[in-house]
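Shown next: work.cif, given as mmCIF, N, CA and C atoms.
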data_start
loop_
_atom_site.label_atom_id
_atom_site.label_comp_id
_atom_site.auth_asym_id
_atom_site.auth_seq_id
_atom_site.Cartn_x
_atom_site.Cartn_y
_atom_site.Cartn_z
N GLN V 1 0.82 -1.19 0.00
CA GLN V 1 0.00 0.00 0.00
C GLN V 1 0.86 1.25 0.00
N VAL V 2 0.28 2.31 -0.52
CA VAL V 2 0.94 3.61 -0.56
C VAL V 2 0.65 4.35 0.75
N GLN V 3 1.65 5.06 1.26
CA GLN V 3 1.45 5.88 2.45
C GLN V 3 1.14 7.31 1.99
N LEU V 4 0.10 7.89 2.59
CA LEU V 4 -0.38 9.20 2.18
C LEU V 4 -0.49 10.13 3.39
N VAL V 5 -0.02 11.36 3.23
CA VAL V 5 -0.09 12.35 4.30
C VAL V 5 -0.62 13.66 3.73
N GLU V 6 -1.81 14.07 4.19
CA GLU V 6 -2.43 15.30 3.72
C GLU V 6 -1.97 16.49 4.56
N SER V 7 -2.04 17.66 3.96
CA SER V 7 -1.77 18.91 4.66
C SER V 7 -2.46 20.04 3.89
N GLY V 8 -2.52 21.20 4.52
CA GLY V 8 -3.06 22.37 3.84
C GLY V 8 -4.45 22.78 4.25
N GLY V 9 -5.10 21.97 5.08
CA GLY V 9 -6.42 22.36 5.53
C GLY V 9 -6.36 23.58 6.44
N GLY V 10 -7.52 24.14 6.71
CA GLY V 10 -7.58 25.31 7.58
C GLY V 10 -8.95 25.95 7.53
N SER V 11 -9.01 27.17 8.04
CA SER V 11 -10.27 27.91 8.09
C SER V 11 -10.20 29.09 7.12
N VAL V 12 -11.24 29.23 6.33
CA VAL V 12 -11.32 30.34 5.40
C VAL V 12 -12.73 30.89 5.40
N GLN V 13 -12.86 32.10 4.91
CA GLN V 13 -14.19 32.67 4.73
C GLN V 13 -14.77 32.23 3.39
N ALA V 14 -16.08 32.25 3.31
CA ALA V 14 -16.75 31.90 2.05
C ALA V 14 -16.20 32.76 0.93
N GLY V 15 -15.95 32.13 -0.20
CA GLY V 15 -15.36 32.83 -1.33
C GLY V 15 -13.85 32.71 -1.40
N GLY V 16 -13.26 32.21 -0.32
CA GLY V 16 -11.82 32.09 -0.26
C GLY V 16 -11.29 30.84 -0.95
N SER V 17 -9.99 30.66 -0.85
CA SER V 17 -9.31 29.54 -1.52
C SER V 17 -8.38 28.81 -0.56
N LEU V 18 -8.17 27.55 -0.83
CA LEU V 18 -7.20 26.73 -0.12
C LEU V 18 -6.61 25.74 -1.10
N THR V 19 -5.37 25.34 -0.84
CA THR V 19 -4.76 24.28 -1.60
C THR V 19 -4.35 23.16 -0.66
N LEU V 20 -4.89 21.99 -0.89
CA LEU V 20 -4.53 20.81 -0.11
C LEU V 20 -3.41 20.06 -0.82
N SER V 21 -2.55 19.45 -0.03
CA SER V 21 -1.46 18.65 -0.56
C SER V 21 -1.52 17.25 0.03
N CYS V 22 -1.04 16.29 -0.72
CA CYS V 22 -0.99 14.90 -0.27
C CYS V 22 0.35 14.32 -0.70
N ALA V 23 1.22 14.10 0.27
CA ALA V 23 2.53 13.53 0.00
C ALA V 23 2.42 12.01 0.01
N ALA V 24 2.89 11.39 -1.05
CA ALA V 24 2.77 9.94 -1.20
C ALA V 24 4.14 9.28 -1.17
N SER V 25 4.19 8.09 -0.59
CA SER V 25 5.41 7.30 -0.57
C SER V 25 5.04 5.83 -0.65
N GLY V 26 6.02 5.02 -0.99
CA GLY V 26 5.77 3.59 -1.06
C GLY V 26 5.26 3.12 -2.40
N TYR V 27 5.43 3.91 -3.44
CA TYR V 27 5.00 3.47 -4.77
C TYR V 27 5.79 2.24 -5.19
N THR V 28 5.14 1.38 -5.96
CA THR V 28 5.79 0.16 -6.42
C THR V 28 6.14 0.25 -7.90
N GLY V 29 6.02 1.43 -8.47
CA GLY V 29 6.34 1.61 -9.87
C GLY V 29 5.15 1.43 -10.79
N ARG V 30 3.99 1.14 -10.22
CA ARG V 30 2.79 0.99 -11.03
C ARG V 30 2.11 2.35 -11.17
N ARG V 31 1.20 2.44 -12.12
CA ARG V 31 0.43 3.67 -12.20
C ARG V 31 -0.74 3.58 -11.23
N TYR V 32 -1.21 4.73 -10.80
CA TYR V 32 -2.21 4.79 -9.75
C TYR V 32 -3.36 5.71 -10.11
N CYS V 33 -4.51 5.37 -9.57
CA CYS V 33 -5.59 6.33 -9.45
C CYS V 33 -5.42 7.00 -8.11
N MET V 34 -5.49 8.30 -8.08
CA MET V 34 -5.45 9.04 -6.81
C MET V 34 -6.65 9.97 -6.77
N GLY V 35 -7.09 10.22 -5.55
CA GLY V 35 -8.29 11.02 -5.45
C GLY V 35 -8.41 11.76 -4.14
N TRP V 36 -9.28 12.73 -4.14
CA TRP V 36 -9.66 13.47 -2.94
C TRP V 36 -11.12 13.14 -2.62
N PHE V 37 -11.34 12.87 -1.35
CA PHE V 37 -12.68 12.59 -0.85
C PHE V 37 -12.92 13.50 0.35
N ARG V 38 -14.18 13.68 0.70
CA ARG V 38 -14.49 14.50 1.87
C ARG V 38 -15.66 13.92 2.63
N GLN V 39 -15.67 14.22 3.91
CA GLN V 39 -16.76 13.75 4.75
C GLN V 39 -17.10 14.82 5.78
N ALA V 40 -18.31 15.28 5.74
CA ALA V 40 -18.81 16.25 6.71
C ALA V 40 -19.51 15.50 7.83
N PRO V 41 -19.62 16.10 9.01
CA PRO V 41 -20.29 15.44 10.14
C PRO V 41 -21.71 15.02 9.76
N GLY V 42 -22.04 13.77 10.05
CA GLY V 42 -23.37 13.27 9.78
C GLY V 42 -23.64 12.91 8.34
N LYS V 43 -22.63 13.03 7.48
CA LYS V 43 -22.81 12.72 6.07
C LYS V 43 -21.86 11.61 5.65
N GLU V 44 -22.19 10.96 4.55
CA GLU V 44 -21.32 9.92 4.02
C GLU V 44 -20.12 10.53 3.30
N ARG V 45 -19.07 9.74 3.23
CA ARG V 45 -17.90 10.19 2.49
C ARG V 45 -18.25 10.29 1.01
N GLU V 46 -17.81 11.36 0.37
CA GLU V 46 -18.11 11.54 -1.04
C GLU V 46 -16.84 11.86 -1.82
N GLY V 47 -16.83 11.43 -3.05
CA GLY V 47 -15.72 11.73 -3.92
C GLY V 47 -15.74 13.17 -4.39
N VAL V 48 -14.58 13.79 -4.43
CA VAL V 48 -14.44 15.16 -4.87
C VAL V 48 -13.80 15.20 -6.25
N ALA V 49 -12.67 14.52 -6.40
CA ALA V 49 -11.97 14.51 -7.68
C ALA V 49 -10.98 13.35 -7.70
N THR V 50 -10.74 12.83 -8.90
CA THR V 50 -9.74 11.78 -9.07
C THR V 50 -8.85 12.11 -10.25
N ILE V 51 -7.67 11.49 -10.26
CA ILE V 51 -6.74 11.66 -11.36
C ILE V 51 -6.02 10.34 -11.62
N ASN V 52 -5.85 10.01 -12.87
CA ASN V 52 -5.03 8.87 -13.25
C ASN V 52 -3.60 9.37 -13.40
N THR V 53 -2.71 8.90 -12.54
CA THR V 53 -1.35 9.44 -12.53
C THR V 53 -0.57 9.08 -13.79
N GLY V 54 -1.07 8.10 -14.52
CA GLY V 54 -0.40 7.75 -15.76
C GLY V 54 -0.71 8.74 -16.87
N GLY V 55 -1.99 8.81 -17.24
CA GLY V 55 -2.38 9.66 -18.34
C GLY V 55 -2.90 11.02 -17.97
N GLY V 56 -3.14 11.25 -16.68
CA GLY V 56 -3.59 12.56 -16.24
C GLY V 56 -5.08 12.81 -16.35
N SER V 57 -5.87 11.78 -16.71
CA SER V 57 -7.31 11.97 -16.80
C SER V 57 -7.89 12.34 -15.46
N THR V 58 -8.81 13.29 -15.45
CA THR V 58 -9.42 13.75 -14.20
C THR V 58 -10.93 13.58 -14.24
N VAL V 59 -11.49 13.42 -13.05
CA VAL V 59 -12.93 13.35 -12.87
C VAL V 59 -13.28 14.24 -11.68
N TYR V 60 -14.36 14.99 -11.79
CA TYR V 60 -14.78 15.88 -10.72
C TYR V 60 -16.24 15.62 -10.35
N ALA V 61 -16.52 15.78 -9.07
CA ALA V 61 -17.92 15.78 -8.65
C ALA V 61 -18.59 17.03 -9.21
N ASP V 62 -19.86 16.92 -9.55
CA ASP V 62 -20.58 18.06 -10.13
C ASP V 62 -20.53 19.28 -9.20
N SER V 63 -20.54 19.02 -7.91
CA SER V 63 -20.59 20.12 -6.94
C SER V 63 -19.32 20.97 -6.91
N VAL V 64 -18.23 20.46 -7.47
CA VAL V 64 -16.97 21.21 -7.41
C VAL V 64 -16.43 21.59 -8.78
N LYS V 65 -17.09 21.14 -9.83
CA LYS V 65 -16.61 21.45 -11.18
C LYS V 65 -16.51 22.96 -11.39
N GLY V 66 -15.40 23.37 -11.95
CA GLY V 66 -15.18 24.79 -12.20
C GLY V 66 -14.60 25.54 -11.02
N ARG V 67 -14.59 24.91 -9.84
CA ARG V 67 -14.05 25.58 -8.65
C ARG V 67 -12.81 24.88 -8.12
N PHE V 68 -12.75 23.57 -8.22
CA PHE V 68 -11.64 22.78 -7.70
C PHE V 68 -10.82 22.23 -8.85
N THR V 69 -9.53 22.09 -8.60
CA THR V 69 -8.63 21.50 -9.60
C THR V 69 -7.71 20.50 -8.92
N ILE V 70 -7.71 19.27 -9.42
CA ILE V 70 -6.80 18.25 -8.92
C ILE V 70 -5.59 18.20 -9.84
N SER V 71 -4.42 18.06 -9.24
CA SER V 71 -3.20 18.01 -10.05
C SER V 71 -2.15 17.19 -9.31
N GLN V 72 -1.08 16.88 -10.01
CA GLN V 72 -0.03 16.06 -9.43
C GLN V 72 1.33 16.61 -9.82
N ASP V 73 2.29 16.40 -8.95
CA ASP V 73 3.69 16.70 -9.23
C ASP V 73 4.42 15.39 -9.07
N ASN V 74 4.69 14.71 -10.17
CA ASN V 74 5.30 13.38 -10.09
C ASN V 74 6.70 13.44 -9.51
N ALA V 75 7.42 14.52 -9.74
CA ALA V 75 8.78 14.64 -9.21
C ALA V 75 8.77 14.68 -7.69
N LYS V 76 7.71 15.26 -7.14
CA LYS V 76 7.60 15.39 -5.68
C LYS V 76 6.70 14.32 -5.07
N ASN V 77 6.13 13.44 -5.93
CA ASN V 77 5.17 12.44 -5.43
C ASN V 77 4.07 13.09 -4.59
N THR V 78 3.54 14.18 -5.10
CA THR V 78 2.55 14.95 -4.35
C THR V 78 1.32 15.21 -5.20
N LEU V 79 0.17 15.04 -4.56
CA LEU V 79 -1.12 15.31 -5.16
C LEU V 79 -1.64 16.61 -4.56
N TYR V 80 -2.32 17.41 -5.38
CA TYR V 80 -2.85 18.68 -4.90
C TYR V 80 -4.35 18.78 -5.20
N LEU V 81 -4.99 19.62 -4.40
CA LEU V 81 -6.37 20.00 -4.69
C LEU V 81 -6.47 21.50 -4.46
N GLN V 82 -6.57 22.24 -5.55
CA GLN V 82 -6.76 23.68 -5.48
C GLN V 82 -8.25 23.94 -5.37
N MET V 83 -8.66 24.62 -4.30
CA MET V 83 -10.07 24.86 -4.06
C MET V 83 -10.33 26.36 -4.06
N ASN V 84 -11.17 26.80 -4.97
CA ASN V 84 -11.53 28.21 -5.08
C ASN V 84 -13.02 28.40 -4.82
N SER V 85 -13.39 29.64 -4.55
CA SER V 85 -14.80 29.98 -4.33
C SER V 85 -15.45 29.04 -3.31
N LEU V 86 -14.78 28.85 -2.21
CA LEU V 86 -15.27 27.92 -1.19
C LEU V 86 -16.55 28.43 -0.55
N SER V 87 -17.43 27.50 -0.24
CA SER V 87 -18.67 27.81 0.45
C SER V 87 -18.77 26.94 1.71
N PRO V 88 -19.65 27.30 2.63
CA PRO V 88 -19.81 26.47 3.83
C PRO V 88 -20.15 25.02 3.51
N ASP V 89 -20.76 24.77 2.35
CA ASP V 89 -21.06 23.39 1.96
C ASP V 89 -19.81 22.57 1.68
N ASP V 90 -18.69 23.24 1.48
CA ASP V 90 -17.43 22.53 1.22
C ASP V 90 -16.70 22.14 2.50
N ALA V 91 -17.18 22.61 3.64
CA ALA V 91 -16.53 22.29 4.90
C ALA V 91 -16.63 20.80 5.19
N ALA V 92 -15.49 20.19 5.47
CA ALA V 92 -15.45 18.74 5.71
C ALA V 92 -14.03 18.33 6.06
N MET V 93 -13.88 17.08 6.44
CA MET V 93 -12.56 16.47 6.51
C MET V 93 -12.25 15.95 5.11
N TYR V 94 -11.10 16.34 4.59
CA TYR V 94 -10.70 15.94 3.26
C TYR V 94 -9.63 14.86 3.35
N TYR V 95 -9.84 13.81 2.57
CA TYR V 95 -8.94 12.66 2.57
C TYR V 95 -8.35 12.45 1.18
N CYS V 96 -7.11 12.05 1.18
CA CYS V 96 -6.42 11.64 -0.04
C CYS V 96 -6.45 10.11 -0.09
N ALA V 97 -6.60 9.55 -1.28
CA ALA V 97 -6.67 8.11 -1.42
C ALA V 97 -5.98 7.68 -2.71
N ALA V 98 -5.56 6.42 -2.74
CA ALA V 98 -4.86 5.90 -3.91
C ALA V 98 -5.17 4.42 -4.10
N ARG V 99 -5.07 3.98 -5.34
CA ARG V 99 -5.16 2.56 -5.65
C ARG V 99 -4.42 2.32 -6.96
N PRO V 100 -3.84 1.14 -7.13
CA PRO V 100 -3.18 0.86 -8.40
C PRO V 100 -4.20 0.76 -9.53
N THR V 101 -3.76 1.06 -10.73
CA THR V 101 -4.60 0.87 -11.89
C THR V 101 -3.76 0.32 -13.03
N GLY V 102 -4.39 -0.52 -13.83
CA GLY V 102 -3.69 -1.07 -14.97
C GLY V 102 -3.86 -0.27 -16.23
N TYR V 103 -4.59 0.83 -16.14
CA TYR V 103 -4.94 1.61 -17.32
C TYR V 103 -4.22 2.95 -17.33
N TYR V 104 -3.72 3.31 -18.49
CA TYR V 104 -2.93 4.53 -18.60
C TYR V 104 -3.79 5.77 -18.70
N ALA V 105 -4.86 5.71 -19.45
CA ALA V 105 -5.59 6.94 -19.74
C ALA V 105 -7.05 6.89 -19.31
N VAL V 106 -7.48 5.79 -18.74
CA VAL V 106 -8.89 5.69 -18.36
C VAL V 106 -9.16 6.51 -17.11
N PRO V 107 -10.17 7.35 -17.12
CA PRO V 107 -10.50 8.12 -15.92
C PRO V 107 -10.81 7.19 -14.74
N CYS V 108 -10.51 7.66 -13.57
CA CYS V 108 -10.68 6.85 -12.37
C CYS V 108 -12.03 7.11 -11.71
N SER V 109 -12.71 6.04 -11.39
CA SER V 109 -13.98 6.15 -10.68
C SER V 109 -13.80 6.77 -9.31
N MET V 110 -14.85 7.44 -8.84
CA MET V 110 -14.79 8.03 -7.50
C MET V 110 -15.44 7.13 -6.45
N ALA V 111 -15.61 5.86 -6.76
CA ALA V 111 -16.13 4.92 -5.76
C ALA V 111 -15.08 4.73 -4.68
N SER V 112 -15.38 5.19 -3.48
CA SER V 112 -14.37 5.16 -2.41
C SER V 112 -13.99 3.74 -2.04
N SER V 113 -14.89 2.79 -2.23
CA SER V 113 -14.60 1.41 -1.85
C SER V 113 -13.50 0.79 -2.71
N SER V 114 -13.21 1.39 -3.85
CA SER V 114 -12.18 0.84 -4.73
C SER V 114 -10.78 1.30 -4.35
N PHE V 115 -10.67 2.26 -3.47
CA PHE V 115 -9.36 2.79 -3.06
C PHE V 115 -8.87 2.05 -1.81
N ASP V 116 -7.60 1.64 -1.81
CA ASP V 116 -7.10 0.83 -0.70
C ASP V 116 -6.06 1.51 0.16
N SER V 117 -5.67 2.72 -0.19
CA SER V 117 -4.73 3.48 0.64
C SER V 117 -5.36 4.82 0.95
N TRP V 118 -5.32 5.21 2.23
CA TRP V 118 -5.96 6.44 2.67
C TRP V 118 -5.05 7.22 3.60
N GLY V 119 -5.13 8.54 3.50
CA GLY V 119 -4.45 9.39 4.46
C GLY V 119 -5.30 9.60 5.69
N GLN V 120 -4.78 10.39 6.62
CA GLN V 120 -5.45 10.61 7.89
C GLN V 120 -6.47 11.74 7.82
N GLY V 121 -6.40 12.53 6.77
CA GLY V 121 -7.36 13.61 6.57
C GLY V 121 -6.84 14.96 7.02
N THR V 122 -7.40 16.00 6.42
CA THR V 122 -7.09 17.37 6.81
C THR V 122 -8.40 18.15 6.82
N GLN V 123 -8.61 18.94 7.86
CA GLN V 123 -9.89 19.59 8.06
C GLN V 123 -9.98 20.91 7.31
N VAL V 124 -11.10 21.11 6.65
CA VAL V 124 -11.39 22.38 5.97
C VAL V 124 -12.65 22.97 6.59
N THR V 125 -12.53 24.19 7.07
CA THR V 125 -13.66 24.90 7.67
C THR V 125 -13.91 26.17 6.86
N VAL V 126 -15.17 26.41 6.51
CA VAL V 126 -15.52 27.58 5.73
C VAL V 126 -16.60 28.35 6.47
N SER V 127 -16.32 29.59 6.79
CA SER V 127 -17.28 30.41 7.52
C SER V 127 -18.02 31.33 6.55
N SER V 128 -19.30 31.56 6.86
CA SER V 128 -20.12 32.39 5.97
C SER V 128 -20.04 33.86 6.35
#
As structure tokens, please, write out the structure in this file.
Amino acid sequence: QVQLVESGGGSVQAGGSLTLSCAASGYTGRRYCMGWFRQAPGKEREGVATINTGGGSTVYADSVKGRFTISQDNAKNTLYLQMNSLSPDDAAMYYCAARPTGYYAVPCSMASSSFDSWGQGTQVTVSS
């Protein structure tokens, strides 16, 4: 399994921006699907965005399209989530996740059950 450590969470006002980072280690040389998920109190964990580290294909939840951007820095083994125009609805614990994939360019599903490596999470709070 890949080891993942998130950082960058914090408190912002509505309309503000944050960038989350996820440092990864323990790669076995395979290509991976990586993703960001979030869970607010009393709600189920939901997928935010995924990226295929091989071909770079991305998938976004409808609720964040146009506001969030997932990206990767392969040299640093780091995944990012740039979040703009934040609203109180975006407040949650954000988790980074990874799983191996055999496909180079196929977009990665946001089904959380398919991911087998998870970080500890980073909290995002948005005040109105």
Closest atom pairs, range 61-87 of chain V residues within 9 Å of range 32-46 of chain V, only C-alpha atoms, as CSV:
residue,atom,partner,partner_atom,distance
V:Ala61,CA,V:Glu46,CA,8.7
V:Ile70,CA,V:Gly35,CA,8.2
V:Leu79,CA,V:Met34,CA,7.8
V:Tyr80,CA,V:Trp36,CA,8.8
V:Leu81,CA,V:Trp36,CA,7.5
Could you save the residues just selected, with N, CA and C atoms, as a PDB file, in the coordinates of the input?
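As written to disk, out-v9.pdb reads:
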ATOM      1  N   ALA V  61     -16.520  15.780  -9.070  1.00  0.00           N
ATOM      2  CA  ALA V  61     -17.920  15.780  -8.650  1.00  0.00           C
ATOM      3  C   ALA V  61     -18.590  17.030  -9.210  1.00  0.00           C
ATOM      4  N   ILE V  70      -7.710  19.270  -9.420  1.00  0.00           N
ATOM      5  CA  ILE V  70      -6.800  18.250  -8.920  1.00  0.00           C
ATOM      6  C   ILE V  70      -5.590  18.200  -9.840  1.00  0.00           C
ATOM      7  N   LEU V  79       0.170  15.040  -4.560  1.00  0.00           N
ATOM      8  CA  LEU V  79      -1.120  15.310  -5.160  1.00  0.00           C
ATOM      9  C   LEU V  79      -1.640  16.610  -4.560  1.00  0.00           C
ATOM     10  N   TYR V  80      -2.320  17.410  -5.380  1.00  0.00           N
ATOM     11  CA  TYR V  80      -2.850  18.680  -4.900  1.00  0.00           C
ATOM     12  C   TYR V  80      -4.350  18.780  -5.200  1.00  0.00           C
ATOM     13  N   LEU V  81      -4.990  19.620  -4.400  1.00  0.00           N
ATOM     14  CA  LEU V  81      -6.370  20.000  -4.690  1.00  0.00           C
ATOM     15  C   LEU V  81      -6.470  21.500  -4.460  1.00  0.00           C
TER      16      LEU V  81
END
Worksheet item: Could you spell out the hits of the PyMOL selection byres (((chain V and resi 96 and name CA) around 8) and name CA) on the shown file, as number ranges by chain?
Response: V: 4-6, 22, 34-37, 94-95, 97-98, 118-119, 121
May I have the residues within 12 Å of Lys76 in chain V as a PDB file with N, CA and C atoms, in the coordinates of the input, using only C-alpha atoms and disregarding those fewer than 5 positions away in the same chain?
ATOM      1  N   SER V  21      -2.550  19.450  -0.030  1.00  0.00           N
ATOM      2  CA  SER V  21      -1.460  18.650  -0.560  1.00  0.00           C
ATOM      3  C   SER V  21      -1.520  17.250   0.030  1.00  0.00           C
ATOM      4  N   CYS V  22      -1.040  16.290  -0.720  1.00  0.00           N
ATOM      5  CA  CYS V  22      -0.990  14.900  -0.270  1.00  0.00           C
ATOM      6  C   CYS V  22       0.350  14.320  -0.700  1.00  0.00           C
ATOM      7  N   ALA V  23       1.220  14.100   0.270  1.00  0.00           N
ATOM      8  CA  ALA V  23       2.530  13.530   0.000  1.00  0.00           C
ATOM      9  C   ALA V  23       2.420  12.010   0.010  1.00  0.00           C
ATOM     10  N   ALA V  24       2.890  11.390  -1.050  1.00  0.00           N
ATOM     11  CA  ALA V  24       2.770   9.940  -1.200  1.00  0.00           C
ATOM     12  C   ALA V  24       4.140   9.280  -1.170  1.00  0.00           C
ATOM     13  N   SER V  25       4.190   8.090  -0.590  1.00  0.00           N
ATOM     14  CA  SER V  25       5.410   7.300  -0.570  1.00  0.00           C
ATOM     15  C   SER V  25       5.040   5.830  -0.650  1.00  0.00           C
ATOM     16  N   SER V  71      -4.420  18.060  -9.240  1.00  0.00           N
ATOM     17  CA  SER V  71      -3.200  18.010 -10.050  1.00  0.00           C
ATOM     18  C   SER V  71      -2.150  17.190  -9.310  1.00  0.00           C
TER      19      SER V  71
END
Which neighbours of Met83 in chain V fall inside 8 Å, counting only N, CA and C atoms, when residues of the same chain fewer than 2 positions from it are skipped, and could you give them as a JSON list (two decimals) with N, CA and C atoms, keeping the file's coordinate frame?
[["chain", "number", "residue", "atom", "x", "y", "z"],
["V", 15, "GLY", "N", -15.95, 32.13, -0.20],
["V", 15, "GLY", "CA", -15.36, 32.83, -1.33],
["V", 15, "GLY", "C", -13.85, 32.71, -1.40],
["V", 16, "GLY", "N", -13.26, 32.21, -0.32],
["V", 16, "GLY", "CA", -11.82, 32.09, -0.26],
["V", 16, "GLY", "C", -11.29, 30.84, -0.95],
["V", 17, "SER", "N", -9.99, 30.66, -0.85],
["V", 17, "SER", "CA", -9.31, 29.54, -1.52],
["V", 17, "SER", "C", -8.38, 28.81, -0.56],
["V", 18, "LEU", "N", -8.17, 27.55, -0.83],
["V", 18, "LEU", "CA", -7.20, 26.73, -0.12],
["V", 18, "LEU", "C", -6.61, 25.74, -1.10],
["V", 19, "THR", "N", -5.37, 25.34, -0.84],
["V", 19, "THR", "CA", -4.76, 24.28, -1.60],
["V", 19, "THR", "C", -4.35, 23.16, -0.66],
["V", 20, "LEU", "N", -4.89, 21.99, -0.89],
["V", 20, "LEU", "CA", -4.53, 20.81, -0.11],
["V", 20, "LEU", "C", -3.41, 20.06, -0.82],
["V", 67, "ARG", "N", -14.59, 24.91, -9.84],
["V", 67, "ARG", "CA", -14.05, 25.58, -8.65],
["V", 67, "ARG", "C", -12.81, 24.88, -8.12],
["V", 68, "PHE", "N", -12.75, 23.57, -8.22],
["V", 68, "PHE", "CA", -11.64, 22.78, -7.70],
["V", 68, "PHE", "C", -10.82, 22.23, -8.85],
["V", 69, "THR", "N", -9.53, 22.09, -8.60],
["V", 69, "THR", "CA", -8.63, 21.50, -9.60],
["V", 69, "THR", "C", -7.71, 20.50, -8.92],
["V", 70, "ILE", "N", -7.71, 19.27, -9.42],
["V", 70, "ILE", "CA", -6.80, 18.25, -8.92],
["V", 70, "ILE", "C", -5.59, 18.20, -9.84],
["V", 80, "TYR", "N", -2.32, 17.41, -5.38],
["V", 80, "TYR", "CA", -2.85, 18.68, -4.90],
["V", 80, "TYR", "C", -4.35, 18.78, -5.20],
["V", 81, "LEU", "N", -4.99, 19.62, -4.40],
["V", 81, "LEU", "CA", -6.37, 20.00, -4.69],
["V", 81, "LEU", "C", -6.47, 21.50, -4.46],
["V", 85, "SER", "N", -13.39, 29.64, -4.55],
["V", 85, "SER", "CA", -14.80, 29.98, -4.33],
["V", 85, "SER", "C", -15.45, 29.04, -3.31],
["V", 86, "LEU", "N", -14.78, 28.85, -2.21],
["V", 86, "LEU", "CA", -15.27, 27.92, -1.19],
["V", 86, "LEU", "C", -16.55, 28.43, -0.55]]
Practice prompt. Determine the nearest neighbour of Asp89 in chain V from the options V:Arg31, V:Ser127, V:Gly8, V:Ser113, counting only N, CA and C atoms.
Written response: V:Ser127
Discussion item. So that I can check the surroundings of Tyr103 in chain V, please list as a PyMOL selection string every protein, DNA and RNA residue that reaches within 7 Å of it, counting all atoms listed in the file and ignoring chain neighbours fewer than 2 positions away.
Written reply: chain V and resi 31+54-55+100-101+105-106
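With only N, CA and C atoms as the basis for measurement, V:Met110 is the residue among V:Met110, V:Gln72, V:Pro88, V:Ala14 that approaches Val48 in chain V most closely.
Across V:Thr122, V:Thr53, V:Ser128, V:Ser87, the tightest approach to Ala75 in chain V is made by V:Thr53 when counting only C-alpha atoms.
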